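Novice: mmCIF, C-alpha atoms, file upload.cif:
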```cif
data_protein
#
loop_
_atom_site.group_PDB
_atom_site.id
_atom_site.type_symbol
_atom_site.label_atom_id
_atom_site.label_comp_id
_atom_site.auth_asym_id
_atom_site.auth_seq_id
_atom_site.Cartn_x
_atom_site.Cartn_y
_atom_site.Cartn_z
ATOM 1 C CA MET A 44 -44.266 15.023 38.482
ATOM 2 C CA LYS A 45 -45.308 15.542 42.085
ATOM 3 C CA PHE A 46 -48.705 15.155 43.717
ATOM 4 C CA PRO A 47 -48.218 17.057 47.001
ATOM 5 C CA THR A 48 -51.903 17.129 47.912
ATOM 6 C CA LYS A 49 -54.548 14.442 47.844
ATOM 7 C CA MET A 50 -54.943 12.485 44.630
ATOM 8 C CA THR A 51 -57.636 13.623 42.263
ATOM 9 C CA SER A 52 -60.524 11.240 41.649
ATOM 10 C CA ALA A 53 -60.807 11.411 37.854
ATOM 11 C CA MET A 54 -59.833 7.728 37.579
ATOM 12 C CA GLN A 55 -61.004 6.554 40.993
ATOM 13 C CA GLY A 56 -61.965 2.886 40.884
ATOM 14 C CA LYS A 57 -60.427 2.308 37.451
ATOM 15 C CA ILE A 58 -57.940 -0.530 37.000
ATOM 16 C CA CYS A 59 -55.118 0.141 34.535
ATOM 17 C CA LEU A 60 -52.647 -2.534 33.398
ATOM 18 C CA ILE A 61 -49.443 -1.047 31.953
ATOM 19 C CA THR A 62 -46.674 -3.084 30.333
ATOM 20 C CA GLY A 63 -43.106 -1.810 30.224
ATOM 21 C CA ALA A 64 -43.885 0.193 33.336
ATOM 22 C CA THR A 65 -40.582 0.101 35.221
ATOM 23 C CA GLN A 66 -39.007 3.106 33.490
ATOM 24 C CA GLY A 67 -39.470 5.710 30.782
ATOM 25 C CA ILE A 68 -42.892 6.613 29.442
ATOM 26 C CA GLY A 69 -44.507 3.526 30.968
ATOM 27 C CA ARG A 70 -43.504 4.539 34.473
ATOM 28 C CA GLU A 71 -44.482 8.161 33.878
ATOM 29 C CA THR A 72 -47.895 7.071 32.585
ATOM 30 C CA ALA A 73 -48.394 4.905 35.658
ATOM 31 C CA LEU A 74 -47.356 7.826 37.872
ATOM 32 C CA ALA A 75 -49.860 10.161 36.205
ATOM 33 C CA LEU A 76 -52.723 7.669 36.338
ATOM 34 C CA ALA A 77 -52.037 6.844 39.977
ATOM 35 C CA GLY A 78 -52.131 10.579 40.656
ATOM 36 C CA LEU A 79 -55.574 10.647 39.053
ATOM 37 C CA GLY A 80 -56.763 7.988 41.494
ATOM 38 C CA ALA A 81 -56.508 4.858 39.348
ATOM 39 C CA THR A 82 -55.349 1.469 40.533
ATOM 40 C CA VAL A 83 -52.241 0.910 38.420
ATOM 41 C CA VAL A 84 -50.789 -2.526 37.781
ATOM 42 C CA LEU A 85 -47.172 -2.289 36.667
ATOM 43 C CA VAL A 86 -45.849 -5.114 34.503
ATOM 44 C CA GLY A 87 -42.074 -5.549 34.395
ATOM 45 C CA ARG A 88 -39.599 -8.370 33.981
ATOM 46 C CA ASN A 89 -37.040 -7.250 36.565
ATOM 47 C CA PRO A 90 -38.277 -7.717 40.167
ATOM 48 C CA GLU A 91 -36.058 -5.019 41.678
ATOM 49 C CA GLN A 92 -36.869 -2.406 39.048
ATOM 50 C CA THR A 93 -40.576 -3.173 39.165
ATOM 51 C CA THR A 94 -40.672 -2.875 42.951
ATOM 52 C CA ALA A 95 -38.628 0.342 42.840
ATOM 53 C CA ALA A 96 -41.015 1.864 40.277
ATOM 54 C CA ALA A 97 -44.023 0.997 42.429
ATOM 55 C CA ARG A 98 -42.434 2.518 45.530
ATOM 56 C CA MET A 99 -41.539 5.693 43.657
ATOM 57 C CA ILE A 100 -45.121 6.065 42.417
ATOM 58 C CA GLN A 101 -46.545 5.424 45.870
ATOM 59 C CA ALA A 102 -44.174 7.951 47.410
ATOM 60 C CA ASN A 103 -44.995 10.635 44.854
ATOM 61 C CA THR A 104 -48.766 10.167 44.780
ATOM 62 C CA GLY A 105 -49.624 8.808 48.201
ATOM 63 C CA SER A 106 -51.641 6.133 46.426
ATOM 64 C CA PRO A 107 -51.918 2.716 48.072
ATOM 65 C CA HIS A 108 -53.284 1.299 44.805
ATOM 66 C CA VAL A 109 -50.032 0.518 43.000
ATOM 67 C CA GLU A 110 -49.551 -3.157 42.218
ATOM 68 C CA THR A 111 -46.853 -5.122 40.390
ATOM 69 C CA MET A 112 -46.758 -8.210 38.200
ATOM 70 C CA LEU A 113 -43.727 -9.894 36.680
ATOM 71 C CA ALA A 114 -43.447 -11.231 33.153
ATOM 72 C CA ASP A 115 -40.962 -11.413 30.309
ATOM 73 C CA LEU A 116 -43.386 -10.447 27.580
ATOM 74 C CA SER A 117 -41.216 -11.888 24.813
ATOM 75 C CA SER A 118 -42.380 -15.305 26.064
ATOM 76 C CA PHE A 119 -45.922 -16.401 25.200
ATOM 77 C CA GLN A 120 -45.898 -18.769 28.177
ATOM 78 C CA GLN A 121 -45.244 -15.825 30.486
ATOM 79 C CA VAL A 122 -47.964 -13.769 28.784
ATOM 80 C CA HIS A 123 -50.430 -16.556 29.595
ATOM 81 C CA ARG A 124 -49.115 -16.707 33.159
ATOM 82 C CA LEU A 125 -49.503 -12.942 33.503
ATOM 83 C CA VAL A 126 -53.133 -13.127 32.376
ATOM 84 C CA ASP A 127 -53.860 -15.995 34.770
ATOM 85 C CA ASP A 128 -52.282 -14.006 37.594
ATOM 86 C CA PHE A 129 -54.284 -10.916 36.678
ATOM 87 C CA HIS A 130 -57.554 -12.878 36.646
ATOM 88 C CA ARG A 131 -56.800 -14.320 40.078
ATOM 89 C CA ARG A 132 -56.399 -10.818 41.497
ATOM 90 C CA TYR A 133 -58.917 -8.734 39.541
ATOM 91 C CA ASP A 134 -62.338 -9.259 38.022
ATOM 92 C CA ARG A 135 -62.263 -6.214 35.749
ATOM 93 C CA LEU A 136 -59.931 -4.124 33.608
ATOM 94 C CA ASN A 137 -60.681 -0.582 32.482
ATOM 95 C CA VAL A 138 -57.490 0.380 30.647
ATOM 96 C CA LEU A 139 -54.872 -1.812 28.980
ATOM 97 C CA ILE A 140 -51.731 0.019 27.856
ATOM 98 C CA ASN A 141 -49.436 -2.042 25.639
ATOM 99 C CA ASN A 142 -46.220 -0.081 26.027
ATOM 100 C CA ALA A 143 -43.444 -2.681 26.359
ATOM 101 C CA GLY A 144 -41.168 -2.995 23.356
ATOM 102 C CA GLY A 145 -37.653 -2.884 22.066
ATOM 103 C CA VAL A 146 -35.339 -2.456 19.104
ATOM 104 C CA PHE A 147 -32.684 -5.027 18.227
ATOM 105 C CA PHE A 148 -30.020 -4.173 15.673
ATOM 106 C CA HIS A 149 -28.727 -7.745 15.673
ATOM 107 C CA ARG A 150 -31.246 -10.469 14.942
ATOM 108 C CA GLN A 151 -32.303 -12.350 18.049
ATOM 109 C CA LEU A 152 -34.868 -15.048 18.757
ATOM 110 C CA SER A 153 -37.496 -15.011 21.476
ATOM 111 C CA PRO A 154 -38.050 -17.921 23.885
ATOM 112 C CA ASP A 155 -40.610 -19.185 21.334
ATOM 113 C CA HIS A 156 -37.934 -19.138 18.585
ATOM 114 C CA LEU A 157 -39.455 -16.156 16.797
ATOM 115 C CA GLU A 158 -37.698 -12.999 15.677
ATOM 116 C CA MET A 159 -37.499 -10.908 18.842
ATOM 117 C CA THR A 160 -38.737 -7.545 17.528
ATOM 118 C CA LEU A 161 -41.879 -9.056 16.048
ATOM 119 C CA ALA A 162 -42.449 -11.215 19.124
ATOM 120 C CA LEU A 163 -42.042 -8.464 21.708
ATOM 121 C CA ASN A 164 -43.473 -5.450 19.877
ATOM 122 C CA HIS A 165 -46.416 -7.033 18.084
ATOM 123 C CA LEU A 166 -47.192 -10.664 18.860
ATOM 124 C CA SER A 167 -46.979 -10.267 22.644
ATOM 125 C CA PRO A 168 -49.460 -7.351 22.874
ATOM 126 C CA PHE A 169 -51.654 -9.093 20.288
ATOM 127 C CA LEU A 170 -51.786 -12.177 22.511
ATOM 128 C CA LEU A 171 -52.131 -10.251 25.778
ATOM 129 C CA THR A 172 -54.972 -8.111 24.451
ATOM 130 C CA ASN A 173 -56.894 -11.053 23.046
ATOM 131 C CA LEU A 174 -56.547 -13.020 26.287
ATOM 132 C CA LEU A 175 -57.922 -10.030 28.216
ATOM 133 C CA LEU A 176 -60.716 -9.129 25.774
ATOM 134 C CA ASP A 177 -63.527 -10.805 27.707
ATOM 135 C CA THR A 178 -62.503 -8.918 30.843
ATOM 136 C CA LEU A 179 -62.273 -5.631 28.951
ATOM 137 C CA LYS A 180 -65.731 -6.205 27.454
ATOM 138 C CA SER A 181 -67.311 -7.042 30.788
ATOM 139 C CA SER A 182 -65.689 -3.905 32.273
ATOM 140 C CA ALA A 183 -66.891 -1.568 29.506
ATOM 141 C CA PRO A 184 -66.514 1.253 28.896
ATOM 142 C CA SER A 185 -62.851 0.341 28.679
ATOM 143 C CA ARG A 186 -59.862 1.287 26.587
ATOM 144 C CA VAL A 187 -56.910 -0.364 24.835
ATOM 145 C CA ILE A 188 -53.935 1.874 24.028
ATOM 146 C CA ASN A 189 -51.141 0.538 21.834
ATOM 147 C CA VAL A 190 -47.837 2.419 21.715
ATOM 148 C CA SER A 191 -46.616 2.656 18.128
ATOM 149 C CA SER A 192 -44.179 5.047 16.456
ATOM 150 C CA VAL A 193 -43.879 7.343 13.484
ATOM 151 C CA ALA A 194 -41.456 4.689 12.218
ATOM 152 C CA HIS A 195 -44.509 2.742 11.048
ATOM 153 C CA ALA A 196 -44.785 5.139 8.102
ATOM 154 C CA PHE A 197 -41.544 3.773 6.622
ATOM 155 C CA ALA A 198 -42.592 0.125 6.681
ATOM 156 C CA ARG A 199 -44.561 -2.587 4.994
ATOM 157 C CA ILE A 200 -45.529 -6.020 6.264
ATOM 158 C CA HIS A 201 -43.140 -8.606 4.819
ATOM 159 C CA PHE A 202 -45.611 -11.481 4.644
ATOM 160 C CA GLU A 203 -43.170 -13.412 2.448
ATOM 161 C CA ASP A 204 -40.530 -13.194 5.225
ATOM 162 C CA LEU A 205 -42.278 -11.822 8.305
ATOM 163 C CA GLN A 206 -39.385 -12.684 10.599
ATOM 164 C CA LEU A 207 -36.795 -11.194 8.224
ATOM 165 C CA ALA A 208 -34.783 -14.406 8.255
ATOM 166 C CA ARG A 209 -33.442 -13.853 4.727
ATOM 167 C CA LYS A 210 -32.398 -10.219 5.101
ATOM 168 C CA TYR A 211 -32.444 -8.713 8.574
ATOM 169 C CA SER A 212 -32.278 -5.028 9.424
ATOM 170 C CA GLY A 213 -32.958 -3.794 12.935
ATOM 171 C CA TRP A 214 -34.620 -0.656 11.611
ATOM 172 C CA SER A 215 -36.814 -2.621 9.165
ATOM 173 C CA ALA A 216 -37.822 -5.047 11.901
ATOM 174 C CA TYR A 217 -38.702 -2.209 14.255
ATOM 175 C CA ALA A 218 -40.629 -0.205 11.656
ATOM 176 C CA GLN A 219 -42.535 -3.306 10.540
ATOM 177 C CA SER A 220 -43.481 -4.096 14.151
ATOM 178 C CA LYS A 221 -44.818 -0.569 14.656
ATOM 179 C CA LEU A 222 -46.859 -0.754 11.440
ATOM 180 C CA ALA A 223 -48.189 -4.064 12.741
ATOM 181 C CA THR A 224 -49.206 -2.238 15.922
ATOM 182 C CA VAL A 225 -51.275 0.293 13.972
ATOM 183 C CA LEU A 226 -52.849 -2.381 11.735
ATOM 184 C CA PHE A 227 -53.684 -4.460 14.807
ATOM 185 C CA THR A 228 -55.221 -1.438 16.529
ATOM 186 C CA TYR A 229 -57.477 -0.600 13.591
ATOM 187 C CA GLU A 230 -58.563 -4.216 13.104
ATOM 188 C CA LEU A 231 -59.218 -4.560 16.829
ATOM 189 C CA ALA A 232 -61.352 -1.409 16.741
ATOM 190 C CA ARG A 233 -63.377 -2.844 13.854
ATOM 191 C CA ARG A 234 -63.928 -6.121 15.711
ATOM 192 C CA LEU A 235 -64.903 -4.295 18.908
ATOM 193 C CA ALA A 236 -67.450 -1.993 17.272
ATOM 194 C CA GLY A 237 -70.505 -1.681 19.512
ATOM 195 C CA SER A 238 -68.784 -3.273 22.527
ATOM 196 C CA ARG A 239 -67.909 0.018 24.293
ATOM 197 C CA VAL A 240 -64.257 -1.065 24.260
ATOM 198 C CA THR A 241 -62.089 1.367 22.312
ATOM 199 C CA ALA A 242 -58.692 0.770 20.730
ATOM 200 C CA ASN A 243 -56.285 3.511 19.717
ATOM 201 C CA ALA A 244 -52.615 3.748 18.752
ATOM 202 C CA VAL A 245 -50.218 6.480 19.811
ATOM 203 C CA HIS A 246 -46.900 7.913 18.706
ATOM 204 C CA PRO A 247 -45.387 9.334 21.923
ATOM 205 C CA GLY A 248 -42.651 11.256 20.140
ATOM 206 C CA TYR A 249 -38.905 10.768 20.334
ATOM 207 C CA VAL A 250 -38.337 10.373 24.066
ATOM 208 C CA ALA A 251 -35.168 10.365 26.156
ATOM 209 C CA THR A 252 -35.378 6.918 27.730
ATOM 210 C CA HIS A 253 -33.135 3.833 27.900
ATOM 211 C CA PHE A 254 -34.809 2.531 24.742
ATOM 212 C CA GLY A 255 -32.273 1.087 22.308
ATOM 213 C CA MET A 256 -29.438 1.002 24.843
ATOM 214 C CA ASN A 257 -29.197 -2.799 24.559
ATOM 215 C CA ASN A 258 -27.401 -2.736 21.195
ATOM 216 C CA GLY A 259 -23.741 -2.134 22.067
ATOM 217 C CA TRP A 260 -21.599 0.939 22.684
ATOM 218 C CA LEU A 261 -21.900 2.464 19.193
ATOM 219 C CA TYR A 262 -25.686 2.458 19.242
ATOM 220 C CA ARG A 263 -25.660 3.671 22.842
ATOM 221 C CA LEU A 264 -23.583 6.637 21.711
ATOM 222 C CA VAL A 265 -26.015 7.425 18.882
ATOM 223 C CA PHE A 266 -28.999 7.228 21.231
ATOM 224 C CA GLU A 267 -27.242 9.338 23.866
ATOM 225 C CA VAL A 268 -26.645 12.093 21.316
ATOM 226 C CA GLY A 269 -30.266 11.857 20.226
ATOM 227 C CA ARG A 270 -31.410 12.275 23.809
ATOM 228 C CA LEU A 271 -30.126 15.856 23.737
ATOM 229 C CA VAL A 272 -33.065 16.897 21.548
ATOM 230 C CA ALA A 273 -35.592 14.338 22.798
ATOM 231 C CA LEU A 274 -38.724 14.811 24.840
ATOM 232 C CA SER A 275 -38.635 13.947 28.519
ATOM 233 C CA PRO A 276 -40.364 10.700 29.557
ATOM 234 C CA GLN A 277 -43.037 12.808 31.262
ATOM 235 C CA GLN A 278 -43.720 14.683 28.038
ATOM 236 C CA GLY A 279 -43.761 11.438 26.083
ATOM 237 C CA SER A 280 -46.341 9.945 28.426
ATOM 238 C CA GLU A 281 -48.854 12.785 28.119
ATOM 239 C CA THR A 282 -50.762 11.525 25.093
ATOM 240 C CA ILE A 283 -50.926 7.991 26.513
ATOM 241 C CA THR A 284 -52.292 9.355 29.800
ATOM 242 C CA TYR A 285 -54.765 11.484 27.847
ATOM 243 C CA LEU A 286 -56.046 8.462 25.920
ATOM 244 C CA ALA A 287 -56.342 6.466 29.140
ATOM 245 C CA SER A 288 -58.190 9.055 31.164
ATOM 246 C CA SER A 289 -59.733 11.922 29.216
ATOM 247 C CA PRO A 290 -63.529 12.127 28.842
ATOM 248 C CA ALA A 291 -62.852 13.851 25.505
ATOM 249 C CA VAL A 292 -61.914 10.516 23.894
ATOM 250 C CA GLU A 293 -64.666 8.420 25.453
ATOM 251 C CA GLY A 294 -66.009 6.288 22.611
ATOM 252 C CA VAL A 295 -63.257 7.333 20.172
ATOM 253 C CA SER A 296 -61.745 4.252 18.550
ATOM 254 C CA GLY A 297 -59.575 3.172 15.661
ATOM 255 C CA LYS A 298 -57.427 6.305 15.628
ATOM 256 C CA TYR A 299 -53.725 7.161 15.645
ATOM 257 C CA PHE A 300 -52.820 9.927 18.106
ATOM 258 C CA VAL A 301 -49.899 12.344 18.201
ATOM 259 C CA ASN A 302 -49.746 15.205 20.715
ATOM 260 C CA LYS A 303 -53.262 14.433 21.950
ATOM 261 C CA ARG A 304 -54.742 14.752 18.478
ATOM 262 C CA ALA A 305 -55.912 12.121 16.007
ATOM 263 C CA ARG A 306 -53.637 12.145 12.957
ATOM 264 C CA ARG A 307 -53.456 10.271 9.677
ATOM 265 C CA SER A 308 -51.227 7.227 9.826
ATOM 266 C CA SER A 309 -49.565 5.711 6.768
ATOM 267 C CA GLY A 310 -51.704 4.784 3.783
ATOM 268 C CA ILE A 311 -51.113 1.044 4.077
ATOM 269 C CA SER A 312 -52.176 1.083 7.732
ATOM 270 C CA TYR A 313 -55.784 1.617 6.585
ATOM 271 C CA ASP A 314 -55.809 -1.451 4.311
ATOM 272 C CA ALA A 315 -58.333 -3.763 5.959
ATOM 273 C CA ARG A 316 -57.212 -6.719 3.829
ATOM 274 C CA VAL A 317 -53.634 -6.378 5.071
ATOM 275 C CA ALA A 318 -54.889 -5.985 8.653
ATOM 276 C CA GLY A 319 -57.112 -9.049 8.379
ATOM 277 C CA ARG A 320 -54.297 -11.147 6.948
ATOM 278 C CA LEU A 321 -51.913 -9.965 9.663
ATOM 279 C CA TRP A 322 -54.509 -10.801 12.329
ATOM 280 C CA GLN A 323 -54.829 -14.359 11.047
ATOM 281 C CA VAL A 324 -51.070 -14.849 10.789
ATOM 282 C CA SER A 325 -50.622 -13.423 14.291
ATOM 283 C CA ALA A 326 -53.336 -15.697 15.692
ATOM 284 C CA THR A 327 -51.568 -18.701 14.199
ATOM 285 C CA MET A 328 -48.137 -17.655 15.465
ATOM 286 C CA THR A 329 -49.431 -17.057 19.015
ATOM 287 C CA GLY A 330 -51.537 -20.221 19.100
ATOM 288 C CA LEU A 331 -54.853 -18.401 19.414
ATOM 289 C CA ASP A 332 -56.370 -20.242 16.469
ATOM 290 C CA GLY A 333 -55.335 -23.644 17.752
#
```
Can the structure in the file be given as structure tokens, please?

Specialist:
Amino acid sequence: MKFPTKMTSAMQGKICLITGATQGIGRETALALAGLGATVVLVGRNPEQTTAAARMIQANTGSPHVETMLADLSSFQQVHRLVDDFHRRYDRLNVLINNAGGVFFHRQLSPDHLEMTLALNHLSPFLLTNLLLDTLKSSAPSRVINVSSVAHAFARIHFEDLQLARKYSGWSAYAQSKLATVLFTYELARRLAGSRVTANAVHPGYVATHFGMNNGWLYRLVFEVGRLVALSPQQGSETITYLASSPAVEGVSGKYFVNKRARRSSGISYDARVAGRLWQVSATMTGLDG
């Protein structure tokens, strides 16, 4: 996407924090929002890739308002450090996009000794969002956008073995984490009612990115074949950009979006008792209730 003329001002003055922003749909979302005039803060874990993404966005939009922050979001300590760094540099936040995530077909542990898929895809954005809630509220109207997946529809929350220590499947772990994302989004929306902070989840579609390429040559081959019929990263970012910037969704909260439209998510995702239990478990695991 090119912005050969001056940036538009639809998002002028808005500060947008985007995780997983060094490549794929995160980078394309940052590019689009910078083109709309927003200040975009790219969060990545690799310094070279994060800097390269920022330079590419600046070159394509002409925007001087492209910032970077470094954090390995699988680590709760680094999530806290990221929030402290953000608060030192900014006094408001208009859009938080929780996009970072991964799939792991062999069970791994995070730096906090938690199952990696759960830690990175659910617990990290849960912690990050909660640590930034006061800033989001004081910046209202503001928006939280959580990137989920249609995979959530094939999952349940394994409260009896949330980290799948007894029987691990990469697909089950991923699907569970994406159901957790939708449940978290809906519970967050309920808790934020009346605050002018909205929370919505999004399925970006099957996108041709480097997602899943960390699982060995066989899985890389499967993902490469899948990329032949996948959406481009730019196409995959469109609904996220829409939720971040469109006046049409001002005040819309607690929804699951596909192709810029609110859709029904899985039946269990609307169970407020499951969402409340997951919230409490997540607060305990991230230390928020300590």

Novice: Using all atoms listed in the file, which residues of region 169-212 of chain A come within 7 Å of region 241-246 of chain A, and what is the closest atom pair for each, with the distance in Å to one decimal? Give it as CSV, sorted by chain and residue number.

Specialist:
```
residue,atom,partner,partner_atom,distance
A:Ser185,CA,A:Thr241,CA,6.5
A:Arg186,CA,A:Thr241,CA,4.8
A:Val187,CA,A:Ala242,CA,4.6
A:Ile188,CA,A:Asn243,CA,5.2
A:Asn189,CA,A:Ala244,CA,4.7
A:Val190,CA,A:Val245,CA,5.1
A:Ser191,CA,A:His246,CA,5.3
A:Ser192,CA,A:His246,CA,4.5
A:Val193,CA,A:His246,CA,6.1
```

Novice: In terms of the shortest atom-to-atom distance over only C-alpha atoms, which of A:Ala216, A:Ala96, A:Leu74, A:Leu116 is closest to Pro168 (chain A)?

Specialist: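 For Pro168 (chain A), the nearest of the given residues is A:Leu116.
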
Novice: Hey, what's within 12 Å of Asp128 (chain A) if we count only C-alpha atoms and toss same-chain stuff fewer than 3 positions away? As a ChimeraX atom specification, please?

Specialist: /A:84,86,111-114,121-125,131-134,175

Novice: Take the selection from the previous step and output its residues with C-alpha atoms, as a PDB file, in the frame of the given file.

Specialist:
```pdb
ATOM      1  CA  VAL A  84     -50.789  -2.526  37.781  1.00  0.00           C
ATOM      2  CA  VAL A  86     -45.849  -5.114  34.503  1.00  0.00           C
ATOM      3  CA  THR A 111     -46.853  -5.122  40.390  1.00  0.00           C
ATOM      4  CA  MET A 112     -46.758  -8.210  38.200  1.00  0.00           C
ATOM      5  CA  LEU A 113     -43.727  -9.894  36.680  1.00  0.00           C
ATOM      6  CA  ALA A 114     -43.447 -11.231  33.153  1.00  0.00           C
ATOM      7  CA  GLN A 121     -45.244 -15.825  30.486  1.00  0.00           C
ATOM      8  CA  VAL A 122     -47.964 -13.769  28.784  1.00  0.00           C
ATOM      9  CA  HIS A 123     -50.430 -16.556  29.595  1.00  0.00           C
ATOM     10  CA  ARG A 124     -49.115 -16.707  33.159  1.00  0.00           C
ATOM     11  CA  LEU A 125     -49.503 -12.942  33.503  1.00  0.00           C
ATOM     12  CA  ARG A 131     -56.800 -14.320  40.078  1.00  0.00           C
ATOM     13  CA  ARG A 132     -56.399 -10.818  41.497  1.00  0.00           C
ATOM     14  CA  TYR A 133     -58.917  -8.734  39.541  1.00  0.00           C
ATOM     15  CA  ASP A 134     -62.338  -9.259  38.022  1.00  0.00           C
ATOM     16  CA  LEU A 175     -57.922 -10.030  28.216  1.00  0.00           C
TER      17      LEU A 175
END
```

Novice: Going by the chain IDs and residue numbers used in this file, which residues fall under the PyMOL selection byres ((chain A and resi 140) around 7)? Write them as a ChimeraX atom specification.

Specialist: /A:60-62,138-139,141-142,187-189

Novice: Which residue, A:Ser309, A:Thr160, A:Ser182, A:Ser238, has the smallest gap to Ser212 (chain A) when you use all atoms listed in the file?

Specialist: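 The closest residue to Ser212 (chain A) is A:Thr160.
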
Novice: So, counting all atoms listed in the file, which residue among A:Asp204, A:Glu230, A:Asp155, A:Glu110 is closest to Gly319 (chain A)?

Specialist: A:Glu230

Novice: Given the PyMOL selection byres ((chain A and resi 294) around 12) and the file above, list the residues it selects as a JSON list (two decimals) with C-alpha atoms, in the frame of the given file.

Specialist:
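This went into selection-v9.json:
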```json
[["chain", "number", "residue", "atom", "x", "y", "z"],
["A", 183, "ALA", "CA", -66.89, -1.57, 29.51],
["A", 184, "PRO", "CA", -66.51, 1.25, 28.90],
["A", 185, "SER", "CA", -62.85, 0.34, 28.68],
["A", 186, "ARG", "CA", -59.86, 1.29, 26.59],
["A", 187, "VAL", "CA", -56.91, -0.36, 24.84],
["A", 232, "ALA", "CA", -61.35, -1.41, 16.74],
["A", 235, "LEU", "CA", -64.90, -4.30, 18.91],
["A", 236, "ALA", "CA", -67.45, -1.99, 17.27],
["A", 237, "GLY", "CA", -70.50, -1.68, 19.51],
["A", 238, "SER", "CA", -68.78, -3.27, 22.53],
["A", 239, "ARG", "CA", -67.91, 0.02, 24.29],
["A", 240, "VAL", "CA", -64.26, -1.06, 24.26],
["A", 241, "THR", "CA", -62.09, 1.37, 22.31],
["A", 242, "ALA", "CA", -58.69, 0.77, 20.73],
["A", 243, "ASN", "CA", -56.28, 3.51, 19.72],
["A", 286, "LEU", "CA", -56.05, 8.46, 25.92],
["A", 287, "ALA", "CA", -56.34, 6.47, 29.14],
["A", 288, "SER", "CA", -58.19, 9.06, 31.16],
["A", 289, "SER", "CA", -59.73, 11.92, 29.22],
["A", 290, "PRO", "CA", -63.53, 12.13, 28.84],
["A", 291, "ALA", "CA", -62.85, 13.85, 25.50],
["A", 292, "VAL", "CA", -61.91, 10.52, 23.89],
["A", 293, "GLU", "CA", -64.67, 8.42, 25.45],
["A", 295, "VAL", "CA", -63.26, 7.33, 20.17],
["A", 296, "SER", "CA", -61.74, 4.25, 18.55],
["A", 297, "GLY", "CA", -59.58, 3.17, 15.66],
["A", 298, "LYS", "CA", -57.43, 6.30, 15.63]]
```
